[in-house]
>>> print(open('final06.csv').read())   # CSV, C-alpha atoms and all ligand atoms
chain,number,residue,atom,x,y,z
H,4,MET,CA,-27.8,-65.0,24.9
H,5,LYS,CA,-27.6,-68.3,23.1
H,6,ILE,CA,-26.8,-68.0,19.4
H,7,ARG,CA,-29.2,-70.9,18.6
H,8,ASN,CA,-32.1,-68.5,19.6
H,9,ARG,CA,-30.8,-65.7,17.4
H,10,LEU,CA,-30.7,-67.6,14.0
H,11,ASN,CA,-33.9,-66.8,12.3
H,12,PRO,CA,-34.5,-66.3,8.6
H,13,SER,CA,-37.2,-63.6,9.3
H,14,ASP,CA,-34.6,-61.5,11.1
H,15,PRO,CA,-31.2,-62.8,9.9
H,16,CYS,CA,-28.2,-62.1,12.2
H,17,PHE,CA,-24.9,-60.7,11.0
H,18,SER,CA,-21.8,-62.0,12.8
H,19,PHE,CA,-18.1,-61.1,12.6
H,20,GLU,CA,-15.1,-63.3,13.2
H,21,PHE,CA,-11.8,-62.0,14.6
H,22,PHE,CA,-8.6,-63.6,15.5
H,23,PRO,CA,-6.7,-62.6,18.8
H,24,PRO,CA,-4.1,-60.0,18.0
H,25,LYS,CA,-0.5,-60.8,19.0
H,26,THR,CA,0.1,-57.6,20.9
H,27,ASP,CA,-1.8,-55.5,23.5
H,28,ALA,CA,-1.8,-52.6,21.1
H,29,GLY,CA,-3.4,-54.9,18.5
H,30,THR,CA,-6.0,-55.9,21.0
H,31,ASP,CA,-6.8,-52.2,21.9
H,32,ASN,CA,-7.2,-51.5,18.1
H,33,LEU,CA,-9.5,-54.4,17.8
H,34,MET,CA,-11.6,-53.1,20.7
H,35,LYS,CA,-11.8,-49.7,18.8
H,36,THR,CA,-12.9,-51.6,15.7
H,37,LEU,CA,-15.6,-53.3,17.6
H,38,GLU,CA,-16.9,-49.9,18.8
H,39,GLU,CA,-17.1,-48.9,15.2
H,40,LEU,CA,-19.0,-52.1,14.3
H,41,ALA,CA,-21.4,-51.9,17.2
H,42,PRO,CA,-23.9,-49.5,15.4
H,43,LEU,CA,-24.4,-52.3,12.8
H,44,GLU,CA,-25.8,-54.4,15.7
H,45,PRO,CA,-24.0,-57.7,15.1
H,46,GLY,CA,-25.9,-60.7,16.4
H,47,PHE,CA,-22.6,-61.9,17.8
H,48,VAL,CA,-18.8,-61.8,17.2
H,49,SER,CA,-16.6,-64.8,17.4
H,50,VAL,CA,-12.9,-65.2,18.3
H,51,THR,CA,-10.8,-67.9,16.7
H,52,TYR,CA,-8.6,-70.4,18.5
H,53,GLY,CA,-5.0,-70.9,17.4
H,54,ALA,CA,-4.0,-74.3,16.1
H,55,GLY,CA,-3.0,-76.7,19.0
H,56,GLY,CA,-4.0,-74.2,21.7
H,57,SER,CA,-1.5,-71.5,20.7
H,58,THR,CA,-4.0,-68.7,21.6
H,59,ARG,CA,-5.7,-70.5,24.5
H,60,ASP,CA,-5.6,-67.6,27.0
H,61,LYS,CA,-5.9,-64.9,24.4
H,62,THR,CA,-9.1,-66.3,23.0
H,63,VAL,CA,-10.7,-66.7,26.4
H,64,ASP,CA,-9.5,-63.3,27.5
H,65,LEU,CA,-10.7,-61.6,24.3
H,66,VAL,CA,-14.2,-63.1,24.3
H,67,THR,CA,-14.5,-62.1,28.0
H,68,ARG,CA,-13.4,-58.6,27.3
H,69,ILE,CA,-15.6,-58.1,24.3
H,70,LYS,CA,-18.7,-59.3,26.1
H,71,GLY,CA,-17.8,-57.3,29.3
H,72,GLU,CA,-16.9,-54.0,27.5
H,73,THR,CA,-19.2,-53.9,24.5
H,74,GLY,CA,-22.1,-56.0,25.6
H,75,ILE,CA,-22.0,-57.7,22.1
H,76,GLU,CA,-22.7,-61.4,22.3
H,77,THR,CA,-19.6,-63.5,21.8
H,78,MET,CA,-18.7,-67.0,20.7
H,79,ALA,CA,-15.3,-68.7,21.5
H,80,HIS,CA,-13.9,-71.0,19.0
H,81,LEU,CA,-12.3,-74.1,20.5
H,82,THR,CA,-10.2,-76.8,18.8
H,83,CYS,CA,-9.6,-80.2,20.5
H,84,LEU,CA,-6.3,-81.3,18.8
H,85,GLY,CA,-3.3,-80.8,21.1
H,86,HIS,CA,-5.4,-80.8,24.3
H,87,THR,CA,-6.0,-83.4,26.9
H,88,ARG,CA,-9.6,-83.8,28.2
H,89,ASP,CA,-8.6,-82.2,31.5
H,90,GLU,CA,-7.3,-79.1,29.6
H,91,LEU,CA,-10.5,-78.9,27.6
H,92,ARG,CA,-12.7,-79.3,30.7
H,93,GLU,CA,-10.7,-76.5,32.4
H,94,LEU,CA,-11.1,-74.2,29.4
H,95,LEU,CA,-14.8,-74.8,29.2
H,96,ARG,CA,-15.1,-74.0,32.9
H,97,ARG,CA,-13.3,-70.8,32.4
H,98,LEU,CA,-15.6,-69.8,29.5
H,99,LYS,CA,-18.7,-70.7,31.6
H,100,GLY,CA,-17.2,-68.7,34.5
H,101,ALA,CA,-16.8,-65.7,32.2
H,102,ARG,CA,-20.5,-66.1,31.2
H,103,ILE,CA,-19.8,-67.0,27.7
H,104,ASP,CA,-22.8,-68.9,26.3
H,105,ASN,CA,-21.5,-70.0,22.9
H,106,VAL,CA,-18.7,-72.2,21.6
H,107,LEU,CA,-17.7,-73.2,18.1
H,108,ALA,CA,-16.5,-76.8,18.6
H,109,LEU,CA,-13.7,-77.7,16.1
H,110,ARG,CA,-11.1,-80.3,15.5
H,111,GLY,CA,-8.5,-77.8,14.3
H,112,ASP,CA,-5.4,-78.6,12.3
H,113,MET,CA,-1.9,-79.5,13.4
H,114,PRO,CA,0.2,-76.4,14.4
H,115,GLN,CA,2.7,-77.3,11.7
H,116,GLY,CA,0.2,-77.2,8.8
H,117,GLY,CA,0.1,-80.2,6.4
H,118,LEU,CA,0.8,-82.9,9.1
H,119,PRO,CA,-1.9,-85.5,9.6
H,120,ALA,CA,-4.2,-84.5,12.5
H,121,GLU,CA,-3.2,-86.6,15.5
H,122,PRO,CA,-4.7,-86.1,19.0
H,123,VAL,CA,-2.5,-86.2,22.1
H,124,ASP,CA,-2.6,-89.3,24.2
H,125,GLY,CA,-6.1,-89.8,25.5
H,126,GLY,CA,-7.2,-86.6,23.7
H,127,LEU,CA,-10.1,-86.1,21.2
H,128,ALA,CA,-9.5,-86.8,17.5
H,129,ARG,CA,-12.5,-85.1,15.9
H,130,ALA,CA,-14.9,-82.3,16.4
H,131,THR,CA,-17.7,-84.9,16.9
H,132,ASP,CA,-15.7,-86.2,19.9
H,133,LEU,CA,-15.5,-82.6,21.3
H,134,VAL,CA,-19.2,-82.0,20.8
H,135,ARG,CA,-19.9,-85.3,22.6
H,136,PHE,CA,-17.5,-84.4,25.4
H,137,ILE,CA,-19.1,-81.0,26.0
H,138,ARG,CA,-22.6,-82.5,26.1
H,139,ASP,CA,-21.5,-85.5,28.3
H,140,GLU,CA,-19.9,-83.1,30.8
H,141,ASP,CA,-23.2,-81.1,30.9
H,142,PHE,CA,-21.9,-77.8,29.8
H,143,ASP,CA,-25.0,-75.9,28.5
H,144,PHE,CA,-23.4,-73.9,25.7
H,145,SER,CA,-25.1,-73.2,22.5
H,146,LEU,CA,-22.8,-75.2,20.3
H,147,GLY,CA,-21.8,-74.5,16.7
H,148,GLY,CA,-19.6,-76.5,14.3
H,149,ALA,CA,-17.9,-76.1,10.9
H,150,CYS,CA,-19.2,-77.4,7.6
H,151,TYR,CA,-17.8,-77.4,4.1
H,152,PRO,CA,-20.1,-76.7,1.1
H,153,GLU,CA,-17.3,-77.9,-1.3
H,154,GLY,CA,-16.2,-80.7,1.0
H,155,HIS,CA,-13.4,-80.7,3.6
H,156,VAL,CA,-9.9,-80.8,2.0
H,157,GLU,CA,-9.1,-84.2,3.7
H,158,THR,CA,-12.3,-85.9,2.5
H,159,GLY,CA,-12.3,-87.9,-0.7
H,160,SER,CA,-16.0,-87.9,-1.0
H,161,ARG,CA,-18.6,-85.1,-0.3
H,162,ASP,CA,-21.1,-87.8,0.6
H,163,ASP,CA,-18.8,-89.1,3.4
H,164,ASP,CA,-18.2,-85.6,4.5
H,165,LEU,CA,-22.0,-85.1,4.8
H,166,ARG,CA,-22.4,-88.4,6.7
H,167,TYR,CA,-19.7,-87.3,9.2
H,168,LEU,CA,-21.4,-83.9,9.5
H,169,LYS,CA,-24.7,-85.6,10.3
H,170,ALA,CA,-23.0,-87.5,13.1
H,171,LYS,CA,-21.4,-84.3,14.4
H,172,VAL,CA,-24.8,-82.5,14.5
H,173,ASP,CA,-26.5,-85.5,16.1
H,174,ALA,CA,-23.8,-85.4,18.8
H,175,GLY,CA,-25.3,-82.1,20.0
H,176,LEU,CA,-24.7,-79.1,17.6
H,177,ASP,CA,-27.3,-76.3,17.5
H,178,PHE,CA,-26.0,-74.8,14.2
H,179,VAL,CA,-23.2,-74.9,11.7
H,180,ILE,CA,-21.2,-72.3,9.9
H,181,THR,CA,-19.8,-72.9,6.5
H,182,GLN,CA,-16.3,-72.6,5.2
H,183,LEU,CA,-16.0,-69.5,3.0
H,184,PHE,CA,-17.3,-69.8,-0.6
H,185,PHE,CA,-17.4,-67.3,-3.5
H,186,ASP,CA,-20.2,-69.0,-5.6
H,187,ASN,CA,-23.6,-69.2,-3.8
H,188,ALA,CA,-24.5,-72.3,-5.9
H,189,PHE,CA,-22.2,-74.4,-3.7
H,190,TYR,CA,-24.1,-73.2,-0.6
H,191,PHE,CA,-27.6,-73.8,-2.0
H,192,ASP,CA,-26.6,-77.2,-3.3
H,193,PHE,CA,-25.0,-78.1,0.1
H,194,VAL,CA,-28.1,-77.0,2.1
H,195,GLU,CA,-30.3,-79.1,-0.2
H,196,ARG,CA,-28.1,-82.2,0.3
H,197,ALA,CA,-27.8,-81.6,4.0
H,198,ARG,CA,-31.6,-81.4,4.4
H,199,ARG,CA,-32.0,-84.6,2.4
H,200,ALA,CA,-29.4,-86.2,4.7
H,201,GLY,CA,-31.6,-85.2,7.8
H,202,ILE,CA,-29.4,-82.3,9.0
H,203,ASN,CA,-31.9,-79.8,10.2
H,204,VAL,CA,-30.0,-77.2,12.2
H,205,PRO,CA,-29.4,-73.7,10.8
H,206,ILE,CA,-26.6,-73.6,8.2
H,207,VAL,CA,-25.0,-70.1,8.4
H,208,PRO,CA,-23.1,-69.1,5.3
H,209,GLY,CA,-19.5,-67.9,5.9
H,210,ILE,CA,-18.4,-65.0,3.7
H,211,MET,CA,-14.9,-63.6,3.3
H,212,PRO,CA,-14.7,-60.2,1.6
H,213,ILE,CA,-11.6,-60.3,-0.7
H,214,THR,CA,-9.3,-57.5,0.2
H,215,ASN,CA,-5.9,-58.8,-0.9
H,216,TYR,CA,-4.9,-60.8,-3.9
H,217,GLU,CA,-2.0,-62.9,-2.5
H,218,GLN,CA,-4.0,-63.6,0.7
H,219,ILE,CA,-7.0,-65.0,-1.1
H,220,GLN,CA,-4.7,-67.2,-3.2
H,221,ARG,CA,-3.2,-68.6,0.0
H,222,PHE,CA,-6.5,-69.1,1.7
H,223,THR,CA,-8.3,-70.8,-1.1
H,224,ARG,CA,-5.3,-73.1,-1.6
H,225,MET,CA,-5.5,-74.1,2.0
H,226,CYS,CA,-9.2,-74.6,2.4
H,227,GLY,CA,-10.0,-75.7,-1.2
H,228,ALA,CA,-12.6,-73.0,-1.9
H,229,THR,CA,-13.2,-72.3,-5.6
H,230,VAL,CA,-12.8,-68.8,-7.0
H,231,PRO,CA,-15.1,-68.6,-10.1
H,232,MET,CA,-13.0,-68.0,-13.3
H,233,ARG,CA,-14.6,-64.7,-14.0
H,234,LEU,CA,-13.8,-63.3,-10.5
H,235,THR,CA,-10.2,-64.8,-10.8
H,236,LEU,CA,-9.7,-62.9,-14.1
H,237,GLN,CA,-11.0,-59.6,-12.6
H,238,LEU,CA,-8.8,-60.0,-9.5
H,239,GLU,CA,-5.8,-60.7,-11.6
H,240,ARG,CA,-6.4,-57.5,-13.6
H,241,LEU,CA,-6.6,-55.5,-10.4
H,242,LYS,CA,-3.8,-57.1,-8.4
H,243,GLU,CA,-1.6,-54.0,-8.7
H,244,GLN,CA,-4.4,-51.7,-7.7
H,245,PRO,CA,-5.2,-52.4,-4.0
H,246,ASP,CA,-8.1,-49.9,-3.6
H,247,ALA,CA,-9.9,-51.1,-6.8
H,248,LEU,CA,-9.4,-54.7,-5.7
H,249,VAL,CA,-11.0,-54.0,-2.3
H,250,GLN,CA,-13.9,-52.4,-4.1
H,251,LEU,CA,-14.3,-55.5,-6.3
H,252,GLY,CA,-14.1,-57.7,-3.2
H,253,VAL,CA,-16.8,-55.7,-1.4
H,254,ALA,CA,-19.0,-55.6,-4.5
H,255,HIS,CA,-18.8,-59.4,-5.0
H,256,ALA,CA,-19.5,-60.2,-1.4
H,257,THR,CA,-22.4,-57.7,-1.3
H,258,VAL,CA,-24.0,-59.3,-4.3
H,259,GLN,CA,-23.5,-62.8,-2.7
H,260,CYS,CA,-25.1,-61.7,0.5
H,261,MET,CA,-28.0,-60.0,-1.2
H,262,GLU,CA,-28.9,-63.3,-2.9
H,263,LEU,CA,-28.4,-65.3,0.3
H,264,LEU,CA,-30.7,-63.1,2.2
H,265,ALA,CA,-33.3,-63.0,-0.5
H,266,ARG,CA,-33.3,-66.9,-0.3
H,267,GLY,CA,-33.8,-66.9,3.5
H,268,VAL,CA,-30.5,-67.6,5.2
H,269,PRO,CA,-30.7,-67.5,9.1
H,270,GLY,CA,-27.7,-65.2,9.3
H,271,ILE,CA,-24.3,-64.4,7.6
H,272,HIS,CA,-21.0,-64.9,9.3
H,273,PHE,CA,-18.2,-62.6,8.1
H,274,TYR,CA,-14.6,-63.7,8.1
H,275,THR,CA,-13.1,-60.2,8.7
H,276,LEU,CA,-9.4,-61.1,9.1
H,277,ASN,CA,-9.5,-58.3,11.6
H,278,LYS,CA,-10.0,-55.8,8.8
H,279,SER,CA,-13.4,-54.4,9.4
H,280,PRO,CA,-13.9,-51.6,6.8
H,281,ALA,CA,-14.8,-54.0,4.0
H,282,THR,CA,-17.3,-55.9,6.2
H,283,ARG,CA,-18.7,-52.6,7.5
H,284,MET,CA,-19.4,-51.4,3.9
H,285,ILE,CA,-21.1,-54.7,3.0
H,286,VAL,CA,-23.3,-54.8,6.1
H,287,SER,CA,-24.2,-51.1,5.8
H,288,ALA,CA,-25.4,-51.8,2.3
H,289,LEU,CA,-27.3,-54.9,3.4
H,290,LYS,CA,-29.0,-53.1,6.2
H,291,ALA,CA,-30.1,-50.3,3.8
H,292,ARG,CA,-31.8,-52.9,1.4
H,293,LYS,CA,-35.2,-53.0,3.1
U,301,LIG,C1,-16.5,-71.5,10.6
U,301,LIG,C2,-15.1,-72.1,10.8
U,301,LIG,C3,-14.3,-71.6,11.9
U,301,LIG,C4,-13.1,-72.1,12.1
U,301,LIG,N1,-12.3,-71.7,13.1
U,301,LIG,C5,-11.1,-72.2,13.4
U,301,LIG,C6,-10.3,-71.8,14.5
U,301,LIG,O1,-10.7,-70.9,15.3
U,301,LIG,N2,-9.1,-72.4,14.7
U,301,LIG,C7,-8.6,-73.3,13.9
U,301,LIG,O2,-7.5,-73.9,14.2
U,301,LIG,N3,-9.3,-73.8,12.8
U,301,LIG,C8,-10.6,-73.2,12.5
U,301,LIG,N4,-11.3,-73.7,11.5
U,301,LIG,C9,-10.7,-74.7,10.5
U,301,LIG,C10,-10.9,-76.1,11.0
U,301,LIG,O3,-10.2,-76.3,12.3
U,301,LIG,C11,-10.3,-77.0,9.9
U,301,LIG,O4,-11.1,-76.9,8.8
U,301,LIG,C12,-10.1,-78.5,10.3
U,301,LIG,O5,-9.3,-79.1,9.3
U,301,LIG,C13,-11.4,-79.3,10.5
U,301,LIG,O6,-12.1,-79.0,11.6
U,301,LIG,P1,-13.6,-79.5,11.9
U,301,LIG,O7,-14.0,-79.1,13.2
U,301,LIG,O8,-14.4,-79.3,10.7
U,301,LIG,O9,-13.2,-81.1,11.9
U,301,LIG,P2,-14.1,-82.4,11.8
U,301,LIG,O10,-15.5,-82.2,11.8
U,301,LIG,O11,-13.5,-83.4,12.9
U,301,LIG,O12,-13.7,-83.0,10.4
U,301,LIG,C14,-12.3,-83.1,10.0
U,301,LIG,C15,-12.2,-84.2,8.9
U,301,LIG,O13,-12.5,-85.5,9.4
U,301,LIG,C16,-13.5,-86.1,8.6
U,301,LIG,N5,-14.2,-87.0,9.5
U,301,LIG,C17,-15.1,-86.6,10.5
U,301,LIG,N6,-15.6,-87.7,11.1
U,301,LIG,C18,-15.0,-88.8,10.5
U,301,LIG,C19,-15.0,-90.2,10.8
U,301,LIG,N7,-15.8,-90.7,11.7
U,301,LIG,N8,-14.2,-91.0,10.0
U,301,LIG,C20,-13.4,-90.5,9.1
U,301,LIG,N9,-13.3,-89.2,8.8
U,301,LIG,C21,-14.1,-88.3,9.5
U,301,LIG,C22,-14.3,-85.0,8.0
U,301,LIG,O14,-15.0,-85.4,6.9
U,301,LIG,C23,-13.2,-84.0,7.8
U,301,LIG,O15,-12.5,-84.3,6.6
U,301,LIG,C24,-12.6,-73.2,11.2
U,301,LIG,C25,-13.3,-73.6,10.1
U,301,LIG,C26,-14.6,-73.1,9.9
U,301,LIG,C27,-15.4,-73.5,8.7
>>> encode(input="final06.csv", output="structure tokens")
Amino acid sequence: MKIRNRLNPSDPCFSFEFFPPKTDAGTDNLMKTLEELAPLEPGFVSVTYGAGGSTRDKTVDLVTRIKGETGIETMAHLTCLGHTRDELRELLRRLKGARIDNVLALRGDMPQGGLPAEPVDGGLARATDLVRFIRDEDFDFSLGGACYPEGHVETGSRDDDLRYLKAKVDAGLDFVITQLFFDNAFYFDFVERARRAGINVPIVPGIMPITNYEQIQRFTRMCGATVPMRLTLQLERLKEQPDALVQLGVAHATVQCMELLARGVPGIHFYTLNKSPATRMIVSALKARK
């Protein structure tokens, strides 16, 4: 099933993102987690791709296994930095061969974070080039891409960022998924600006339930997402009380999602960080809202 056909504000789809565990035991645990999540009827699950191709086989194997063993629709993330065109072609063929219908086409970052993003000789420099490559090679994936309500960390201007996003969508994207955000105003404002700029594909909000104080500090530093002052103060007060902090994170994300759904989003993508209980609580509450 192609994800582009599943994104519909009248029946929004919940999706869960995982990263490939390092060990076989970790993968088995993840498969158990997926069994627990199945009753929530996710629209799809996605599996991330390690910077520079570090999880190349693991990502392909995991999406294949999830689709084969659980029947849940899957999407493979794919980053172009660090790969030649031949390697990318081969990976895309493997995904097609495994009957994977959906790819999130990304540039990625350098494996040693902080270095400028440089393609290998003859490789692809940006996600737009990867989208063009996939379309030119006639792979008929449903293609998603990334977008950034608060602007991408490397861009000086949010208007430029939007112009580049328009080019990426025009190259052949069917939908985009946002970077995480904790204040819905960023998402609503971004959607309005994107529509004005002629970007008409579904814009799926990406939500990360906060479950750990240090981790969220690290993540937001890396991706530039703003944590509202009031939430920051609440998190600081609870940083020595892990259970209470998770409850706060779940409550905040649930309120965010309720508002997003009330205002007609086509789906919600959860960055689970492979910790599903928080996401399970949120989605259970969302499903009970009708
Ligand atoms: C939903 C989601 C999932 C992700 N999954 C992964 C993953 O699995 N693995 C991983 O490694 N990373 C992942 N990332 C992170 C992503 O790889 C980084 O944010 C990366 O820095 C940018 O990737 P991109 O695909 O958005 O790049 P691009 O769309 O290529 O944009 C990168 C930068 O280039 C700028 N730009 C674009 N076109 C031009 C142009 N013509 N001229 C000048 N500047 C331009 C953009 O404004 C932006 O600043 C994910 C991000 C999101 C939001």
>>> residues_around(input="final06.csv", residues="Arg283 of chain H", least_positions_apart="6", cutoff="12 Å", atoms="all atoms listed in the file", output="ChimeraX atom specification")
/H:17-19,36-45,212,253,256-257,273-275,277,289-290
>>> residues_around(input="final06.csv", residues="Leu276 of chain H", least_positions_apart="2", cutoff="7 Å", atoms="all atoms listed in the file", output="NGL selection string")
:H and (21-22 or 274 or 278)
>>> residues_around(input="final06.csv", residues="segment 234-239 of chain H", least_positions_apart="3", cutoff="8 Å", atoms="only C-alpha atoms", output="PDB file with C-alpha atoms, keeping the file's coordinate frame")
ATOM      1  CA  TYR H 216      -4.900 -60.800  -3.900  1.00  0.00           C
ATOM      2  CA  VAL H 230     -12.800 -68.800  -7.000  1.00  0.00           C
ATOM      3  CA  PRO H 231     -15.100 -68.600 -10.100  1.00  0.00           C
ATOM      4  CA  LYS H 242      -3.800 -57.100  -8.400  1.00  0.00           C
ATOM      5  CA  LEU H 248      -9.400 -54.700  -5.700  1.00  0.00           C
ATOM      6  CA  LEU H 251     -14.300 -55.500  -6.300  1.00  0.00           C
TER       7      LEU H 251
END
>>> closest_residue(input="final06.csv", among="H:Ile213, H:Ile180, H:Leu84, H:Leu241", to="Pro280 of chain H", atoms="all atoms listed in the file")
H:Ile213
>>> atom_distance(input="final06.csv", atom1="atom CA of Val194 of chain H", atom2="atom CA of Ser279 of chain H")
27.9 Å
>>> atom_distance(input="final06.csv", atom1="atom CA of Glu121 of chain H", atom2="atom CA of Glu157 of chain H")
13.4 Å
>>> atom_distance(input="final06.csv", atom1="atom CA of Lys99 of chain H", atom2="atom O1 of ligand LIG 301 (chain U)")
18.2 Å
>>> closest_residue(input="final06.csv", among="H:Gly148, H:Phe184, H:Met261, H:Glu20", to="Ile219 of chain H", atoms="only C-alpha atoms")
H:Phe184
>>> closest_residue(input="final06.csv", among="H:Leu81, H:Val66, H:Arg199, H:Ala149", to="Asp162 of chain H", atoms="all atoms listed in the file")
H:Arg199
>>> residues_around(input="final06.csv", residues="segment 8-15 of chain H", least_positions_apart="3", cutoff="6 Å", atoms="only C-alpha atoms", output="MDAnalysis selection string")
chainID H and resid 5 267:270
